[in-house]
>>> print(open('structure24.txt').read())   # compact mmCIF, C-alpha atoms and all ligand atoms
# COMPACT_ATOMS: atom_id res chain seq x y z
CA MET A 1 -149.89 146.31 53.93
CA LYS A 2 -151.10 149.77 52.96
CA LYS A 3 -149.44 151.38 49.92
CA LYS A 4 -150.05 154.09 47.40
CA ILE A 5 -149.28 153.23 43.78
CA THR A 6 -149.27 155.81 41.01
CA ILE A 7 -150.18 154.55 37.56
CA LEU A 8 -148.65 156.43 34.65
CA PRO A 9 -150.21 154.92 31.52
CA GLY A 10 -148.56 157.41 29.15
CA ASP A 11 -148.98 157.00 25.41
CA GLY A 12 -149.88 154.39 22.81
CA ILE A 13 -150.07 150.81 24.07
CA GLY A 14 -148.81 152.09 27.43
CA LYS A 15 -152.45 152.65 28.38
CA GLU A 16 -153.59 149.21 27.24
CA VAL A 17 -150.89 147.19 28.98
CA THR A 18 -150.82 149.22 32.20
CA ALA A 19 -154.53 148.59 32.66
CA GLU A 20 -153.72 144.87 32.89
CA GLY A 21 -150.75 145.43 35.20
CA LYS A 22 -153.02 147.39 37.51
CA LYS A 23 -155.69 144.65 37.53
CA VAL A 24 -153.02 142.18 38.59
CA LEU A 25 -152.04 144.43 41.50
CA GLU A 26 -155.69 144.75 42.49
CA LYS A 27 -156.05 140.99 42.48
CA ILE A 28 -152.96 140.63 44.66
CA ALA A 29 -154.41 143.14 47.12
CA VAL A 30 -157.58 141.06 47.44
CA MET A 31 -155.77 137.72 47.66
CA PHE A 32 -153.23 138.78 50.25
CA ASN A 33 -155.30 141.30 52.10
CA HIS A 34 -153.31 144.42 51.25
CA GLN A 35 -154.65 147.89 50.76
CA PHE A 36 -153.33 149.35 47.56
CA GLU A 37 -154.55 152.82 46.79
CA PHE A 38 -154.15 153.86 43.14
CA ASP A 39 -153.93 157.23 41.55
CA GLU A 40 -153.16 158.20 37.97
CA ALA A 41 -151.09 160.97 36.46
CA LEU A 42 -150.24 162.42 33.06
CA ILE A 43 -146.96 162.03 31.21
CA GLY A 44 -145.77 162.17 27.60
CA HIS A 45 -147.84 163.20 24.60
CA ASP A 46 -151.10 163.24 26.54
CA ALA A 47 -149.55 165.53 29.14
CA ILE A 48 -148.27 167.88 26.43
CA GLU A 49 -151.73 168.05 24.90
CA ALA A 50 -153.35 168.77 28.26
CA THR A 51 -150.77 171.07 29.87
CA GLY A 52 -148.07 171.93 27.33
CA LEU A 53 -145.48 169.97 29.33
CA PRO A 54 -144.39 166.30 29.03
CA LEU A 55 -144.02 166.01 32.83
CA PRO A 56 -146.33 168.49 34.57
CA ASP A 57 -145.44 169.61 38.12
CA GLU A 58 -148.59 168.00 39.39
CA THR A 59 -147.43 164.62 38.11
CA LEU A 60 -144.04 165.05 39.74
CA HIS A 61 -145.73 165.97 43.00
CA GLN A 62 -147.88 162.83 42.86
CA LEU A 63 -144.83 160.69 42.10
CA ARG A 64 -142.90 162.12 45.03
CA ASN A 65 -145.77 161.21 47.32
CA CYS A 66 -146.42 157.61 46.39
CA ASP A 67 -144.78 154.30 47.33
CA ALA A 68 -144.23 152.91 43.82
CA ILE A 69 -144.92 153.78 40.20
CA LEU A 70 -146.23 151.56 37.39
CA PHE A 71 -145.42 153.21 34.10
CA GLY A 72 -146.48 152.37 30.55
CA ALA A 73 -144.66 154.14 27.71
CA VAL A 74 -144.24 157.54 26.09
CA GLY A 75 -143.93 158.58 22.46
CA HIS A 76 -145.99 159.65 19.49
CA PRO A 77 -145.37 159.40 15.73
CA LYS A 78 -146.03 163.12 15.35
CA TYR A 79 -142.71 163.79 17.10
CA ASP A 80 -140.77 160.95 15.52
CA ASN A 81 -141.45 162.38 12.09
CA ASP A 82 -140.78 165.99 13.00
CA PRO A 83 -137.38 166.45 14.66
CA THR A 84 -137.87 170.23 14.84
CA LEU A 85 -140.48 170.00 17.62
CA LYS A 86 -138.92 171.28 20.82
CA VAL A 87 -141.27 169.84 23.44
CA ARG A 88 -141.24 166.04 23.17
CA PRO A 89 -142.92 163.17 25.09
CA GLU A 90 -139.61 161.41 25.85
CA GLN A 91 -138.43 164.48 27.77
CA GLY A 92 -141.07 163.63 30.35
CA LEU A 93 -139.58 160.20 30.95
CA LEU A 94 -136.01 161.48 31.14
CA LYS A 95 -136.96 164.30 33.50
CA MET A 96 -138.85 161.88 35.72
CA ARG A 97 -135.83 159.54 35.94
CA LYS A 98 -133.55 162.46 36.77
CA GLU A 99 -135.86 164.21 39.24
CA LEU A 100 -136.57 160.99 41.14
CA GLY A 101 -132.90 159.96 41.15
CA LEU A 102 -133.65 156.65 39.40
CA TYR A 103 -130.08 155.95 38.40
CA ALA A 104 -130.16 152.14 38.14
CA ASN A 105 -132.33 150.41 35.59
CA LEU A 106 -132.55 146.67 36.14
CA ARG A 107 -133.63 144.69 33.13
CA PRO A 108 -133.84 140.95 33.81
CA ILE A 109 -133.63 138.92 30.59
CA LYS A 110 -135.27 135.71 31.60
CA LEU A 111 -136.45 133.28 29.00
CA PHE A 112 -139.57 131.34 29.88
CA ASP A 113 -138.96 127.83 28.50
CA GLU A 114 -142.36 127.92 26.83
CA LEU A 115 -141.15 130.73 24.57
CA LEU A 116 -138.00 129.08 23.29
CA GLU A 117 -139.54 128.85 19.84
CA ALA A 118 -140.85 132.43 19.79
CA SER A 119 -137.44 133.99 19.36
CA SER A 120 -135.74 134.39 16.02
CA ILE A 121 -132.60 132.95 17.67
CA LYS A 122 -132.07 129.16 17.67
CA SER A 123 -133.40 127.51 20.81
CA GLU A 124 -130.22 125.54 21.57
CA ILE A 125 -128.37 128.86 21.81
CA LEU A 126 -131.02 130.45 24.01
CA LYS A 127 -131.88 127.66 26.44
CA GLY A 128 -130.92 128.48 29.99
CA SER A 129 -130.14 132.16 29.32
CA ASP A 130 -130.57 134.35 32.38
CA ILE A 131 -129.04 137.82 32.24
CA LEU A 132 -129.54 140.78 34.54
CA PHE A 133 -128.74 144.14 32.98
CA PHE A 134 -127.80 147.13 35.08
CA ARG A 135 -128.24 150.09 32.78
CA GLU A 136 -127.15 153.44 34.21
CA LEU A 137 -130.12 155.76 33.77
CA THR A 138 -129.41 159.36 34.73
CA GLY A 139 -126.10 160.17 33.06
CA ASP A 140 -124.26 159.74 29.77
CA VAL A 141 -125.08 161.34 26.46
CA TYR A 142 -128.74 161.42 27.53
CA PHE A 143 -128.05 164.16 30.06
CA GLY A 144 -124.83 165.78 28.83
CA GLU A 145 -124.84 169.21 27.26
CA LYS A 146 -126.57 169.23 23.91
CA GLY A 147 -127.18 171.84 21.30
CA ARG A 148 -126.61 173.30 17.89
CA LYS A 149 -124.13 175.77 16.52
CA ASP A 150 -123.02 177.14 13.15
CA GLY A 151 -126.49 178.36 12.39
CA GLY A 152 -127.93 175.00 13.34
CA ASN A 153 -125.69 172.99 11.03
CA THR A 154 -123.58 171.40 13.75
CA ALA A 155 -125.18 169.42 16.58
CA TYR A 156 -123.66 167.87 19.70
CA ASP A 157 -124.60 165.68 22.67
CA VAL A 158 -121.85 165.37 25.23
CA MET A 159 -121.14 161.89 26.60
CA ILE A 160 -120.25 162.53 30.22
CA TYR A 161 -119.87 160.45 33.39
CA GLN A 162 -118.76 161.36 36.88
CA ARG A 163 -116.99 158.89 39.15
CA PHE A 164 -119.79 158.75 41.73
CA GLU A 165 -122.37 157.93 39.09
CA ILE A 166 -120.39 154.89 38.01
CA GLU A 167 -119.52 153.82 41.55
CA ARG A 168 -123.07 153.66 42.86
CA ILE A 169 -124.43 151.52 40.05
CA ALA A 170 -121.32 149.33 39.99
CA HIS A 171 -121.89 148.49 43.66
CA LYS A 172 -125.43 147.41 42.85
CA ALA A 173 -124.27 145.25 39.94
CA PHE A 174 -121.57 143.50 41.99
CA ARG A 175 -123.96 142.89 44.86
CA ALA A 176 -126.45 141.39 42.44
CA ALA A 177 -123.77 139.18 40.91
CA ARG A 178 -122.99 137.79 44.37
CA THR A 179 -126.50 136.38 44.53
CA ARG A 180 -126.23 134.88 41.03
CA LYS A 181 -123.38 133.35 39.04
CA LYS A 182 -120.84 135.82 40.43
CA LYS A 183 -119.87 137.38 37.14
CA VAL A 184 -120.06 141.00 36.00
CA THR A 185 -119.51 141.95 32.38
CA SER A 186 -118.92 145.69 32.15
CA VAL A 187 -119.62 147.05 28.68
CA ASP A 188 -118.00 150.21 27.35
CA LYS A 189 -116.13 151.64 24.37
CA ALA A 190 -112.87 152.35 26.17
CA ASN A 191 -110.81 151.89 23.03
CA VAL A 192 -112.29 155.16 21.73
CA LEU A 193 -114.17 157.14 24.38
CA GLU A 194 -112.68 158.98 27.36
CA SER A 195 -115.92 158.63 29.34
CA SER A 196 -115.62 154.86 28.80
CA ARG A 197 -112.04 154.90 30.07
CA LEU A 198 -113.25 156.50 33.29
CA TRP A 199 -116.07 153.95 33.37
CA ARG A 200 -113.60 151.06 33.12
CA GLU A 201 -111.24 152.55 35.69
CA VAL A 202 -114.02 153.04 38.24
CA VAL A 203 -115.56 149.60 37.63
CA GLN A 204 -112.12 148.05 38.17
CA ASP A 205 -111.76 150.00 41.45
CA ILE A 206 -115.15 148.84 42.69
CA GLY A 207 -114.48 145.32 41.42
CA ARG A 208 -111.51 145.02 43.77
CA LEU A 209 -113.97 145.31 46.68
CA TYR A 210 -115.74 142.21 45.41
CA PRO A 211 -112.90 139.71 44.89
CA ASP A 212 -115.38 136.83 44.85
CA VAL A 213 -117.03 138.23 41.72
CA GLN A 214 -115.39 137.70 38.35
CA LEU A 215 -115.15 140.94 36.39
CA GLU A 216 -114.70 141.10 32.65
CA HIS A 217 -114.80 144.05 30.28
CA GLN A 218 -116.19 144.02 26.78
CA PHE A 219 -116.40 146.66 24.12
CA VAL A 220 -119.97 147.39 23.20
CA ASP A 221 -119.66 146.31 19.57
CA SER A 222 -118.28 142.94 20.56
CA ALA A 223 -120.80 142.58 23.42
CA ALA A 224 -123.62 143.14 20.94
CA MET A 225 -122.31 140.24 18.89
CA LYS A 226 -121.64 137.89 21.82
CA LEU A 227 -125.08 138.50 23.30
CA ILE A 228 -126.75 136.65 20.48
CA GLN A 229 -123.84 134.33 19.76
CA ASN A 230 -123.64 132.95 23.28
CA PRO A 231 -126.15 134.55 25.66
CA ARG A 232 -125.46 131.96 28.38
CA SER A 233 -121.96 133.39 28.83
CA PHE A 234 -123.46 136.47 30.51
CA ASP A 235 -124.66 136.84 34.08
CA VAL A 236 -124.79 140.48 35.21
CA VAL A 237 -124.15 143.11 32.55
CA LEU A 238 -123.22 146.58 33.76
CA THR A 239 -123.28 149.42 31.27
CA GLY A 240 -124.01 153.08 30.63
CA ASN A 241 -127.23 154.69 29.58
CA LEU A 242 -126.91 154.67 25.79
CA PHE A 243 -125.25 151.27 25.41
CA GLY A 244 -127.76 149.81 27.87
CA ASP A 245 -130.67 151.20 25.89
CA ILE A 246 -129.46 149.55 22.72
CA LEU A 247 -128.24 146.26 24.17
CA THR A 248 -131.42 145.59 26.15
CA ASP A 249 -133.60 145.91 23.06
CA GLU A 250 -131.29 143.43 21.39
CA ALA A 251 -131.38 141.17 24.45
CA SER A 252 -135.18 141.20 24.42
CA GLN A 253 -134.90 138.74 21.55
CA ILE A 254 -133.33 136.31 24.00
CA ALA A 255 -136.57 136.47 25.98
CA GLY A 256 -138.66 135.90 22.87
CA SER A 257 -140.17 139.35 22.45
CA MET A 258 -139.92 142.94 23.63
CA GLY A 259 -143.43 142.34 24.92
CA MET A 260 -142.04 140.09 27.67
CA LEU A 261 -139.43 142.35 29.25
CA ALA A 262 -140.08 144.12 32.52
CA SER A 263 -137.78 146.60 34.17
CA ALA A 264 -137.22 148.28 37.50
CA SER A 265 -135.68 151.71 37.93
CA VAL A 266 -134.37 152.33 41.40
CA GLY A 267 -132.15 154.82 43.15
CA ASP A 268 -132.63 157.47 45.76
CA THR A 269 -136.37 157.41 46.30
CA VAL A 270 -139.48 155.72 44.96
CA GLY A 271 -139.13 152.80 42.50
CA LEU A 272 -140.50 152.91 38.98
CA TYR A 273 -141.54 149.80 37.05
CA GLU A 274 -142.06 149.66 33.33
CA PRO A 275 -141.98 147.41 30.28
CA ILE A 276 -138.92 148.06 28.14
CA HIS A 277 -141.06 148.31 25.02
CA GLY A 278 -142.24 151.67 23.81
CA SER A 279 -145.59 153.16 22.86
CA ALA A 280 -145.87 151.07 19.63
CA HIS A 281 -148.31 153.27 17.77
CA ASP A 282 -148.43 150.82 14.89
CA ILE A 283 -150.52 148.47 17.05
CA THR A 284 -152.15 150.99 19.40
CA GLY A 285 -155.91 150.64 19.73
CA LYS A 286 -155.97 147.20 18.16
CA GLY A 287 -156.10 145.43 21.51
CA ILE A 288 -153.29 143.05 20.57
CA ALA A 289 -150.37 144.39 22.65
CA ASN A 290 -148.71 141.91 24.97
CA PRO A 291 -149.49 142.92 28.58
CA LEU A 292 -147.02 140.46 30.10
CA ALA A 293 -144.15 142.97 30.34
CA SER A 294 -146.41 145.29 32.34
CA ILE A 295 -147.69 142.39 34.46
CA LEU A 296 -144.11 141.26 35.14
CA SER A 297 -143.21 144.88 35.94
CA ALA A 298 -145.99 144.78 38.54
CA ALA A 299 -144.33 141.64 39.93
CA LEU A 300 -141.01 143.46 40.21
CA LEU A 301 -142.79 146.34 41.93
CA LEU A 302 -144.28 144.03 44.56
CA ASP A 303 -140.96 142.44 45.24
CA ILE A 304 -138.47 145.28 45.04
CA SER A 305 -140.50 148.22 46.39
CA PHE A 306 -142.72 146.38 48.88
CA GLY A 307 -140.66 143.28 49.71
CA LEU A 308 -143.68 141.12 48.85
CA ASN A 309 -141.82 138.11 47.57
CA GLU A 310 -144.64 135.59 47.71
CA GLU A 311 -147.05 137.96 46.00
CA SER A 312 -144.52 138.68 43.29
CA GLY A 313 -143.87 134.99 42.79
CA THR A 314 -147.59 134.37 42.50
CA VAL A 315 -147.75 136.77 39.56
CA ILE A 316 -144.71 135.34 37.82
CA LYS A 317 -145.89 131.79 38.28
CA ALA A 318 -149.30 132.72 36.88
CA VAL A 319 -147.61 134.10 33.77
CA GLU A 320 -145.63 130.90 33.46
CA GLN A 321 -148.76 128.76 33.82
CA THR A 322 -150.62 130.80 31.23
CA LEU A 323 -147.78 130.33 28.75
CA LYS A 324 -147.63 126.62 29.60
CA GLN A 325 -151.28 126.28 28.67
CA GLY A 326 -150.38 127.56 25.24
CA TYR A 327 -151.90 131.04 25.46
CA ARG A 328 -150.05 133.73 23.52
CA THR A 329 -150.45 137.26 22.30
CA ALA A 330 -149.65 137.72 18.62
CA ASP A 331 -146.04 138.84 19.20
CA ILE A 332 -145.10 135.58 20.93
CA ALA A 333 -147.23 133.18 18.90
CA ASP A 334 -145.44 130.77 16.59
CA SER A 335 -146.49 128.34 13.90
CA LYS A 336 -147.52 125.78 16.54
CA THR A 337 -149.84 128.14 18.42
CA GLU A 338 -153.49 127.18 18.04
CA LYS A 339 -155.47 130.09 16.56
CA SER A 340 -157.97 129.97 19.44
CA LYS A 341 -155.13 130.52 21.90
CA ILE A 342 -153.95 133.80 20.40
CA LEU A 343 -155.36 136.30 22.85
CA THR A 344 -156.05 140.01 22.97
CA THR A 345 -154.40 142.23 25.56
CA ARG A 346 -157.39 142.00 27.88
CA GLU A 347 -157.91 138.28 27.44
CA MET A 348 -154.27 137.65 28.31
CA GLY A 349 -154.59 139.81 31.43
CA LYS A 350 -157.71 137.89 32.41
CA ARG A 351 -156.03 134.50 31.92
CA VAL A 352 -153.11 135.47 34.13
CA ILE A 353 -155.45 136.71 36.85
CA GLU A 354 -157.39 133.45 36.74
CA GLN A 355 -154.15 131.55 37.22
CA MET A 356 -153.43 133.58 40.32
CA GLY A 357 -156.21 131.74 42.13
CA THR A 358 -154.03 130.02 44.69
CA PRO A 359 -151.56 131.90 46.83
CA GLY A 360 -148.29 130.43 47.96
CA MET A 361 -146.89 129.25 44.65
CA ASP A 362 -143.19 128.87 44.19
CA PRO A 363 -141.81 132.41 43.85
CA THR A 364 -138.59 131.67 42.03
CA ALA A 365 -139.16 132.27 38.36
CA LEU A 366 -137.55 135.69 37.87
CA ASN A 367 -135.06 135.40 40.71
CA THR A 368 -136.58 138.59 42.01
CA ALA A 369 -135.77 137.86 45.63
CA LYS A 370 -132.15 137.92 44.67
CA VAL A 371 -132.61 141.15 42.81
CA VAL A 372 -134.11 142.70 45.89
CA ALA A 373 -131.22 141.60 48.01
CA ALA A 374 -128.92 143.10 45.46
CA THR A 375 -130.53 146.47 45.21
CA SER A 376 -131.29 147.24 48.82
C1 LIG A 401 -136.17 152.96 27.12
C2 LIG A 401 -136.67 153.89 26.02
C3 LIG A 401 -136.35 155.33 26.40
C4 LIG A 401 -134.84 155.47 26.55
C5 LIG A 401 -136.93 156.37 25.41
C6 LIG A 401 -138.42 156.24 25.27
C7 LIG A 401 -136.55 157.77 25.81
O1 LIG A 401 -136.11 153.54 24.80
O2 LIG A 401 -136.60 153.13 28.27
O3 LIG A 401 -135.37 152.08 26.82
O4 LIG A 401 -134.14 155.71 25.56
O5 LIG A 401 -134.35 155.36 27.66
MG MG A 402 -135.01 151.74 24.82
>>> encode(input="structure24.txt", output="structure tokens", more="lines below")
Ligand code: IPM
Ligand code: MG
Amino acid sequence: MKKKITILPGDGIGKEVTAEGKKVLEKIAVMFNHQFEFDEALIGHDAIEATGLPLPDETLHQLRNCDAILFGAVGHPKYDNDPTLKVRPEQGLLKMRKELGLYANLRPIKLFDELLEASSIKSEILKGSDILFFRELTGDVYFGEKGRKDGGNTAYDVMIYQRFEIERIAHKAFRAARTRKKKVTSVDKANVLESSRLWREVVQDIGRLYPDVQLEHQFVDSAAMKLIQNPRSFDVVLTGNLFGDILTDEASQIAGSMGMLASASVGDTVGLYEPIHGSAHDITGKGIANPLASILSAALLLDISFGLNEESGTVIKAVEQTLKQGYRTADIADSKTEKSKILTTREMGKRVIEQMGTPGMDPTALNTAKVVAATS
């Protein structure tokens, strides 16, 4: 197979982890005899420094002309501490999602058994958790009108959804549920917000087309509580952009660490794959970031964008094997981890690649085949 993959390292640890994700893709190309051509483009703080814009036109052009995107992270402390700056790294990410029509963000929360002890949540509560989030990605308060008035002393961000935006992602969530435990939990704040009442109405309408799938609604505050109280009670979670952003960070604790969570953003055109963690400037340059979220994002890329199920499974299995052998990055190490098995970013990438030695391993770990079926 011949494919063009654009790597967008972005800022902070984005660069460090994406380098490992890319190496994994290169290894897959060699093992399975594919031709992956890579190019790189600027986004975020680096892009602002180089061009004045967080998403230069040249980057957008490259993204429109590739077959899949592996993205790292954007963000920089300079902006976090100065809210008056008008041009910001995150704008690059949001514009990219919007311009490429990436309206559905899939965040699989899959706990590797080996990491049961790495979470701050009790293992008997976590065991067996397997949740697939569908976070809407191009609407909501993120993209509604925003501004200031009263001489800058009043600020607003409009929470807005249109019927079609809810319909298209709801279809994807219900289709995914059909391949899993046949349950969709739609999360909103319909007791307060009008946009949530439309959300609930539309999800109910779409739900009627999938009578074999159980639909339940939860308010976001209660969902946040139930997620850590009883994560096994969730299968597919369908929610808007803002609630999805918050809940998936919370849910990352179910998978042990933010450093483990991969995501896929799909929609009208090319697919984008990224860890859910951010640029993490507190650990940037130390070589200790966990590359597994980027490596698992590469696995999602192979499966969802290229339909390479066996290749994807090979990557996931290699991650599983590496964890089984006791290797950890600092974020997922616990009191039982031997010191010599706490690896740097690069060492972890290398271990996973070594485990990929034999093709044809069981490609079931992340249920990605089912995700593909659901999103196509
Ligand atoms: C995410 C991130 C982004 C978001 C930020 C970096 C703009 O938190 O992908 O979850 O809020 O969507
Ligand atoms: Mg987030």
>>> residues_near_ligand(input="structure24.txt", ligand="ligand MG 402 (chain A)", cutoff="9 Å", atoms="all atoms listed in the file", output="JSON, numbers by chain")
{"A": [242, 244, 245, 246, 247, 248, 249, 276, 277, 278]}
>>> residues_near_ligand(input="structure24.txt", ligand="ligand LIG 401 (chain A)", cutoff="10 Å", atoms="all atoms listed in the file", output="ChimeraX atom specification")
/A:44,73-75,88-94,97,105,107,135-138,142,241-249,263,265,274-279
>>> residues_around(input="structure24.txt", residues="Gln35 (chain A)", least_positions_apart="5", cutoff="10 Å", atoms="only C-alpha atoms", output="list in words")
Met1, Lys2, Lys3, Lys4, Glu26, Ile28, Ala29 and Val30 of chain A
>>> residues_near_point(input="structure24.txt", point="(-150.9, 133.5, 25.1)", cutoff="7 Å", atoms="all atoms listed in the file", output="tab-separated table (two decimals) with C-alpha atoms, in the frame of the given file")
chain	number	residue	atom	x	y	z
A	322	THR	CA	-150.62	130.80	31.23
A	323	LEU	CA	-147.78	130.33	28.75
A	326	GLY	CA	-150.38	127.56	25.24
A	327	TYR	CA	-151.90	131.04	25.46
A	328	ARG	CA	-150.05	133.73	23.52
A	329	THR	CA	-150.45	137.26	22.30
A	341	LYS	CA	-155.13	130.52	21.90
A	342	ILE	CA	-153.95	133.80	20.40
A	343	LEU	CA	-155.36	136.30	22.85
A	348	MET	CA	-154.27	137.65	28.31
>>> atom_distance(input="structure24.txt", atom1="CA of Asp113 (chain A)", atom2="CA of Gly256 (chain A)")
9.8 Å
>>> closest_residue(input="structure24.txt", among="A:Phe71, A:Phe112, A:Phe36, A:Tyr156", to="Ala255 (chain A)", atoms="all atoms listed in the file")
A:Phe112
>>> axis_aligned_box(input="structure24.txt", around="region 150-159 of chain A", padding_each_side="8 Å", output="JSON")
{"center_x": -124.5, "center_y": 170.1, "center_z": 18.8, "size_x": 22.8, "size_y": 32.5, "size_z": 31.6}
>>> closest_residue(input="structure24.txt", among="A:Ser340, A:Ser186, A:Ser119, A:Thr6", to="Gly240 (chain A)", atoms="all atoms listed in the file")
A:Ser186
>>> atom_distance(input="structure24.txt", atom1="CA of Phe134 (chain A)", atom2="CA of Val202 (chain A)")
15.3 Å
>>> closest_residue(input="structure24.txt", among="A:Val141, A:Val236, A:Ile288, A:Ile228", to="Ala170 (chain A)", atoms="all atoms listed in the file")
A:Val236
>>> atom_distance(input="structure24.txt", atom1="CA of Val237 (chain A)", atom2="CA of Lys95 (chain A)")
24.8 Å
>>> residues_around(input="structure24.txt", residues="Ser252 (chain A)", least_positions_apart="6", cutoff="7 Å", atoms="only C-alpha atoms", output="list in words")
Ile109, Met258 and Leu261 of chain A
>>> residues_around(input="structure24.txt", residues="Val220 (chain A)", least_positions_apart="3", cutoff="6 Å", atoms="only C-alpha atoms", output="JSON, numbers by chain")
{"A": [187, 188, 189, 223]}
>>> decode(input="structure24.txt", residues="region 321-332 of chain A", atoms="N, CA, C and O atoms", output="PDB file, in the first residue's frame")
ATOM      1  N   GLN A 321       2.482  -6.313  25.092  1.00  0.00           N
ATOM      2  CA  GLN A 321       3.617  -7.165  25.476  1.00  0.00           C
ATOM      3  C   GLN A 321       4.646  -6.387  26.288  1.00  0.00           C
ATOM      4  O   GLN A 321       5.174  -6.877  27.283  1.00  0.00           O
ATOM      5  N   THR A 322       4.915  -5.169  25.833  1.00  0.00           N
ATOM      6  CA  THR A 322       5.917  -4.338  26.507  1.00  0.00           C
ATOM      7  C   THR A 322       5.482  -4.064  27.942  1.00  0.00           C
ATOM      8  O   THR A 322       6.279  -4.129  28.877  1.00  0.00           O
ATOM      9  N   LEU A 323       4.191  -3.773  28.107  1.00  0.00           N
ATOM     10  CA  LEU A 323       3.672  -3.520  29.457  1.00  0.00           C
ATOM     11  C   LEU A 323       3.738  -4.800  30.283  1.00  0.00           C
ATOM     12  O   LEU A 323       4.079  -4.785  31.463  1.00  0.00           O
ATOM     13  N   LYS A 324       3.411  -5.921  29.641  1.00  0.00           N
ATOM     14  CA  LYS A 324       3.461  -7.222  30.344  1.00  0.00           C
ATOM     15  C   LYS A 324       4.842  -7.517  30.882  1.00  0.00           C
ATOM     16  O   LYS A 324       4.990  -8.098  31.951  1.00  0.00           O
ATOM     17  N   GLN A 325       5.853  -7.124  30.118  1.00  0.00           N
ATOM     18  CA  GLN A 325       7.237  -7.363  30.567  1.00  0.00           C
ATOM     19  C   GLN A 325       7.655  -6.413  31.670  1.00  0.00           C
ATOM     20  O   GLN A 325       8.791  -6.441  32.131  1.00  0.00           O
ATOM     21  N   GLY A 326       6.754  -5.540  32.057  1.00  0.00           N
ATOM     22  CA  GLY A 326       7.025  -4.680  33.213  1.00  0.00           C
ATOM     23  C   GLY A 326       7.606  -3.319  32.881  1.00  0.00           C
ATOM     24  O   GLY A 326       7.898  -2.532  33.773  1.00  0.00           O
ATOM     25  N   TYR A 327       7.780  -3.032  31.571  1.00  0.00           N
ATOM     26  CA  TYR A 327       8.358  -1.737  31.222  1.00  0.00           C
ATOM     27  C   TYR A 327       7.328  -0.627  31.370  1.00  0.00           C
ATOM     28  O   TYR A 327       6.158  -0.793  30.997  1.00  0.00           O
ATOM     29  N   ARG A 328       7.772   0.505  31.890  1.00  0.00           N
ATOM     30  CA  ARG A 328       6.881   1.640  32.141  1.00  0.00           C
ATOM     31  C   ARG A 328       7.621   2.943  31.870  1.00  0.00           C
ATOM     32  O   ARG A 328       8.831   3.014  32.079  1.00  0.00           O
ATOM     33  N   THR A 329       6.867   3.968  31.493  1.00  0.00           N
ATOM     34  CA  THR A 329       7.416   5.318  31.610  1.00  0.00           C
ATOM     35  C   THR A 329       7.003   5.816  32.992  1.00  0.00           C
ATOM     36  O   THR A 329       6.146   5.202  33.642  1.00  0.00           O
ATOM     37  N   ALA A 330       7.575   6.922  33.425  1.00  0.00           N
ATOM     38  CA  ALA A 330       7.386   7.358  34.814  1.00  0.00           C
ATOM     39  C   ALA A 330       5.908   7.543  35.174  1.00  0.00           C
ATOM     40  O   ALA A 330       5.487   7.207  36.289  1.00  0.00           O
ATOM     41  N   ASP A 331       5.108   8.035  34.229  1.00  0.00           N
ATOM     42  CA  ASP A 331       3.702   8.341  34.544  1.00  0.00           C
ATOM     43  C   ASP A 331       2.874   7.093  34.861  1.00  0.00           C
ATOM     44  O   ASP A 331       1.843   7.195  35.521  1.00  0.00           O
ATOM     45  N   ILE A 332       3.307   5.938  34.370  1.00  0.00           N
ATOM     46  CA  ILE A 332       2.521   4.725  34.617  1.00  0.00           C
ATOM     47  C   ILE A 332       3.250   3.726  35.527  1.00  0.00           C
ATOM     48  O   ILE A 332       2.811   2.596  35.701  1.00  0.00           O
TER      49      ILE A 332
END
